[in-house]
Structure formats: C-alpha cells, structure tokens
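A quick write-up on the structure given underneath.
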Amino acid sequence: MLKFVAGRLLQGILVLLAIYAVTFFLVAATPGSPFSSERAIRPEILAQIEAFYGYDKPVFERFMTSLGNALSGEFGPSAVYANRSVTDIIAESFPVSLKLGALSLLLAMALGIPAGIIAAVKRNTWLDYVPMSAAMVGICLPTFVMGPMLALVFGIILKLLPVAGWFGPEFWILPAATLGLVYAAYFARLTRGGMLEMLNQDWVRTARAKGVKETTIIWRHCLKGGLMPAVTFLGPALAGIISGSFVVETIFQVPGLGQWFVRGALNRDDFLILGLTVLFATLIVIMNLLVDIVQVALNPRLKYE
Amino acid sequence: MSNISQTATLQGKPQPDPAGPAVAAMLEELEEGSSLWKDAWARLRKNKLALTSLFLFILIVLFCVVGPFLSPYDSQAQDLFVGAEGPSAAHWFGTDTLGRDLLVRVMEGGRISLLVGLVATTVSLMIGVIFGAVAGYMGGRVDAAMMRFVDLLYALPFTIFVILLMVAFGRSLWLMFVAIGCVEWLTMARIVRSGVIGLKKQEFVEAAVSLGYSHTRIILRHLIPNVLGPVIVISTLTVPAVMLLEAFLSFLGLGVQPPFASWGVLINEGQQNMEIFPWLLIFPAFFFALTLFCLNFLGDGLRDALDPKSAKD
C-alpha cells in the first residue's frame with residue numbers, strides 16, 4: 001500500500017511540474033503583453049515596468065525563477081492589479097470558492113447517491129423513472145442555463161432568495177444548487193449503474209436463496225461495490241465543479257477564485273493565470289490521488305493492475 | 001424449418017411455400033441477409049425517444065440553416081428606437097436591447113453553435129481514431145506509453161487549458177473550433193484502441209499481414225472500418241460536449257466574438273438582462289437545451305442500437 005501511494009504521489013508531482021511548464025510557456029508564447037494598454041506608455045517607463053516584473057530576462061531564466069518562487073509558495077505580483085500579489089488574491093478568495101465547491105459536492109452526493117441506490121433497488125418503478133428522467137434533464141442543462149433559470153424563478157419571480165453577492169447562508173443556496181445539481185445527476189446515474197451490476201451478481205442470488213434479508217443484501221453485500229463508479233467520478237466531478245465555478249461565480253457575483261481566473265484570462269494577467277492554474281491542478285491531482293487510494297482500499301485487487 | 005430454408009437458399013429462390021406467409025417472410029429475410037447496419041436501424045426504429053430526438057434535431061438544423069433566408073430581418077440591423085420589446089407579431093421572439101430581431105439572431109447563433117459541433121467533433125474524431133488505432137495496433141511498449149499519456153491528459157484540468165489556448169491563439173473562430181476538438185478526443189482514443197486490440201488477432205488481419213500490406217493500409221482499410229459502430233456512438237455524444245464547451249467559453253466572453261454570436265453569447269446577453277427582458281434568456285436557452293437533449297438521447301439510442309451488448313447504464 002505504501003509503495004502504491006508513494007508511486008502515485010511521485011506521478012502527481014511530475015504531472016504538476018509538467019502542467020506548470022506547459023502553462024508558463026503557453027502564456028509566455030502568447031502575443032502581446034500584460035503591460036500593453038490603450039494609453040501609450042513612454043518606452044523608458046515600459047522598460048522599467050518590465051524590469052520590475054522580470055520581463056527583461058530571457059524566457060528560460062524567467063521560468064526557473066518563477067518555478068523556484070512557486071515552490072516556496074510565492075506566485076509573484078498580479079501584473080494587472082497593482083500592489084496585489086497572486087498569493088494575497090488566493091488567500092482572500094480561496095475560502096469562498098472552497099465553501100462553494102464543498103457545498104456543491106456535498107449536495108451532489110447527498111442527492112445523487114441515495115437517488116441512485118433507490119432507483120437501482122426499485123428498478124423499473126416510478127422511483128426509478130422519475131429520478132432518472134430528472135437526472136437526464138440535469139445532465140443536459142449546462143450550469144449557465146440552469147443558473148440564470150434558478151435565479152429567474154427563485155430570485156426574481158418568487159423573490160425567495162438573493163441572486164447576487166456572498167454575505168450569508170441565504171446567498172450560498174442558489175450558486176451551490178446550480179453547481180451541485182448537475183453533478184447530483186451524474187452521481188445518481190453512476191450509482192444506479194454500479195448498484196444494478198452488483199444486484200445482478202450470482203452471489204446476490206445465493207444470498208437471497210439462503211434467505212438473507214433484502215436490506216442486508218443491499219447494505220452489506222452490494223453498497224461497497226456499487227459505490228465504486230461514484231467514487232471514481234469524484235476526480236472529474238471536482239474538475240467540473242472548478243470550471244463550473246467560473247460560470248456560477250460570474251452569474252451570482254461570488255467573490256471567489258473562478259471570477260479571478262476569468263478576469264486574469266481576459267486581461268492577460270500572466271502571474272495570476274499561472275498561479276491559479278497550478279492551484280486548480282494541485283487540487284485535482286490531490287483529489288485523484290485520494291480517489292485512487294479509496295478505490296484500492298475498497299477493492300485491493302486493483303493494486304496489482 | 002432448417003430443412004426448408006436450406007433447400008430454399010440452395011436453390012437460390014424461395015419456393016412457393018405451403019407453410020404460410022410467416023415462413024415465406026422468414027425465407028425472404030434469409031435471402032436478403034442482414035447487416036450490422038440494418039439490425040441497428042431496426043433497433044433504433046423501435047426506440048421512440050431516439051427517433052423523436054432525431055426528428056427534432058433535423059428540424060432544429062433546418063430552422064437554423066434555412067430560417068435566416070426566410071426572415072425579413074437582418075441579424076445585425078439595429079433599431080434603437082424599438083429597443084428591447086417582447087414577442088409580437090412582427091418579431092416573434094421579440095427584440096434585444098439594440099432592437100435586433102431575436103428570432104433571426106437565435107437562428108444564426110444556432111448556425112455557429114452547430115458548426116462548432118461539426119468541426120470540433122471532426123477534429124476530435126480524427127485525432128482520437130488515429131491515436132487509438134495506432135496504440136492498439138502497435139501494442140506493447142508503444143501502446144503502454146501512448147495510453148499512459150492519455151491517462152495523464154485525463155487528469156489535467158482541461159477547461160482551464162482551453163481557456164489558456166483561447167488566450168494564446170487570439171479569438172479566431174476556426175482556431176477555437178480546433179482547440180476545442182483538441183481536448184475532446186480522449187474517450188474516442190480509448191474506445192478505438194480497445195476495439196482494435198480485439199480485432200487484430202482475427203484471421204482477416206492475419207491474412208492482410210501475410211499478403212504484405214503495409215501497417216497504414218491495414219489500420220485504415222481493415223481495422224478502422226470495423227470499429228465504426230462505437231466511433232459513431234462516441235461522435236454523436238461528442239457533438240453536445242463540444243457545443244457545451246463552446247457555449248461555456250462564449251458565455252464567459254472568451255469564445256465567439258461580435259459581430260458573430262453563438263447560443264452561448266446569446267444566453268450570456270440574456271442573462272445580463274433577465275430581470276427586465278426575460279425572453280432574451282428564455283429563447284436561446286430553450287433552443288440550446290433542446291439541441292443538447294436531442295443529441296444526448298440520440299447518442300444513447302445509437303449506443304443501444306449499434307452495441308446491444310453494452311448494458312444500458
């Protein structure tokens with residue numbers, strides 16, 4: 001087990017280094033510069049700005065410096081928002097995004113997994129059809145359609161919930177629901193599929209023949225295996241929730257990292273883009289690592305594949 | 001039964017049959033033979049949901065492609081005296097804040113969204129099929145290395161990379177299509193690879209090798225045509241995925257730029273004004289969601305039709 005975890009950890013670190021390099025050179029190769037503006041800047045001043053941000057040095061040297069800084073947790077100053085460092089921005093906005101992401105993921109699992117289990121157990125009844133049709137709708141409706149629709153219905157027509165800002169629990173509901181519902185749909189479908197596969201196994205038939213209670217069969221014999229597809233999906237779900245947060249934070253004006261990333265991309269804020277990409281990638285790599293470990297814990301045979 | 005049919009096929013023509021029309025029909029079927037495609041079509045025809053989706057999707061395509069020619073309005077023509085007005089007899093879908101006819105804007109936006117689906121899917125199809133076929137055919141270390149690469153890409157935060165690509169490539173429409181196609185080929189590669197691995201041990205491939213055909217010819221002429229079924233299914237499901245990605249980028253202001261507008265752009269414009277002019281959001285969102293529904297149901301239906309072994313979910 002230890003060897004397995006160490007191997008995956010090493011692989012994760014390599015992936016992160018690769019992502020850092022690709023992002024850095026992609027951004028560096030982009031035509032234009034973060035300092036170009038509509039106002040003409042005198043060349044001496046531009047040179048000074050570039051020197052301040054290290055843009056006067058060759059690309060490779062810049063890469064080594066920035067990698068060294070990043071390893072010590074310092075992503076440099078924001079190139080567009082003067083006097084703010086990327087680390088400051090992250091420290092300020094990350095808690096907001098973390099709360100939004102965690103709420104959505106919890107909502108997705110709390111809704112999706114029980115719905116999937118019930119649908120599988122009560123196969124081909126309305127308890128199966130209704131939630132699964134709802135799940136199909138959830139999967140087809142993208143966040144940027146679902147978000148405005150929810151805002152329109154609950155915020156503007158029914159006037160139940162605020163549609164913009166981040167000042168207290170009632171402000172969390174619409175953004176978290178928008179992000180979470182799509183993934184609840186995926187979790188429901190995956191859990192249903194996994195549970196159905198388990199329920200069709202020969203040993204379930206044997207257990208039934210021996211007179212084991214149906215609840216015991218579901219909880220003790222099938223749940224562990226049936227949840228595997230949902231566990232595997234946690235990694236992609238996190239990646240999806242991060243990119244979904246770009247949209248949701250824009251719609252509901254949530255002051256989180258997603259908004260900063262979009263602004264960084266629109267303004268060509270090199271340091272901000274790089275810092276946030278690395279942060280997102282780290283989160284996803286950690287999540288995938290955890291998923292791998294949980295999977296092996298649930299099914300030790302996987303270790304040898 | 002088997003006797004009758006054997007004699008019938010041997011003689012080439014079914015004899016007038018005393019056993020009744022049922023057997024005659026069966027014999028006719030035997031005469032004609034049945035291909036994978038015919039079976040698939042027969043199965044698809046029974047799937048009402050998929051057929052309805054196909055029909056609706058064709059209607060949407062016609063609506064977007066032909067519609068603008070029939071409309072008296074120009075999608076760019078502004079009428080600032082009119083401004084945003086709700087649906088009326090003159091403007092069925094209403095007008096936007098610049099007084100442009102929303103109906104024709106939804107139709108032309110649909111053209112761009114559907115074009116993204118087509119072009120990006122073609123790109124992803126080409127990369128995925130070739131990558132997967134080569135990996136599966138070569139096998140061994142090459143295969144292991146190539147698939148490890150795919151695994152690594154799966155772990156990457158892809159949307160972030162598309163955004164970076166958009167920043168790097170500027171905002172050209174075609175480059176955007178290609179960039180989207182470049183990130184959506186992984187599933188295709190995996191499916192094609194596993195199909196090819198199953199096929200390459202079969203006799204007809206051995207025969208092709210012993211005839212001295214080149215690797216390229218074997219891959220292109222003998223292996224790829226045999227994995228077309230799953231490839232078509234995955235392609236159908238890739239179309240909504242790439243359309244979604246395009247709309248996502250456009251919604252954030254990173255995708256299609258004015259004067260062009262895709263459904264993503266229209267949804268974004270609608271979202272900004274939804275408190276006062278909700279129809280600006282509702283019409284494009286409806287068409288976009290409907291298209292995604294149709295394509296997803298059609299893809300599911302095709303999966304059941306072309307690959308009946310794969311369990312539904």
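Just so we're on the same page: first chain in the structure tokens is A, next is B, and so on; residues restart at 1 for each chain, and ligands are numbered from 1 in the order they show up.
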Select, as a ChimeraX atom specification, those residues of chain A with any atom no more than 6 Å from chain B (distances computed using only C-alpha atoms). /A:30,140-141,148,193
Could you check how far atom CA of Leu127 of chain A sits from atom CA of Gly235 of chain A, in Å to one decimal?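 Separating atom CA of Leu127 of chain A from atom CA of Gly235 of chain A is a distance of 28.2 Å.
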Applying 10 Å and only C-alpha atoms, which residues near Phe204 of chain B remain after dropping the ones on its own chain fewer than 4 positions away? List them as a PyMOL selection string. chain B and resi 199-200+208-210+218+222-223
A straight line from atom CA of Ile127 of chain B to atom CA of Gly181 of chain B spans 8.6 Å
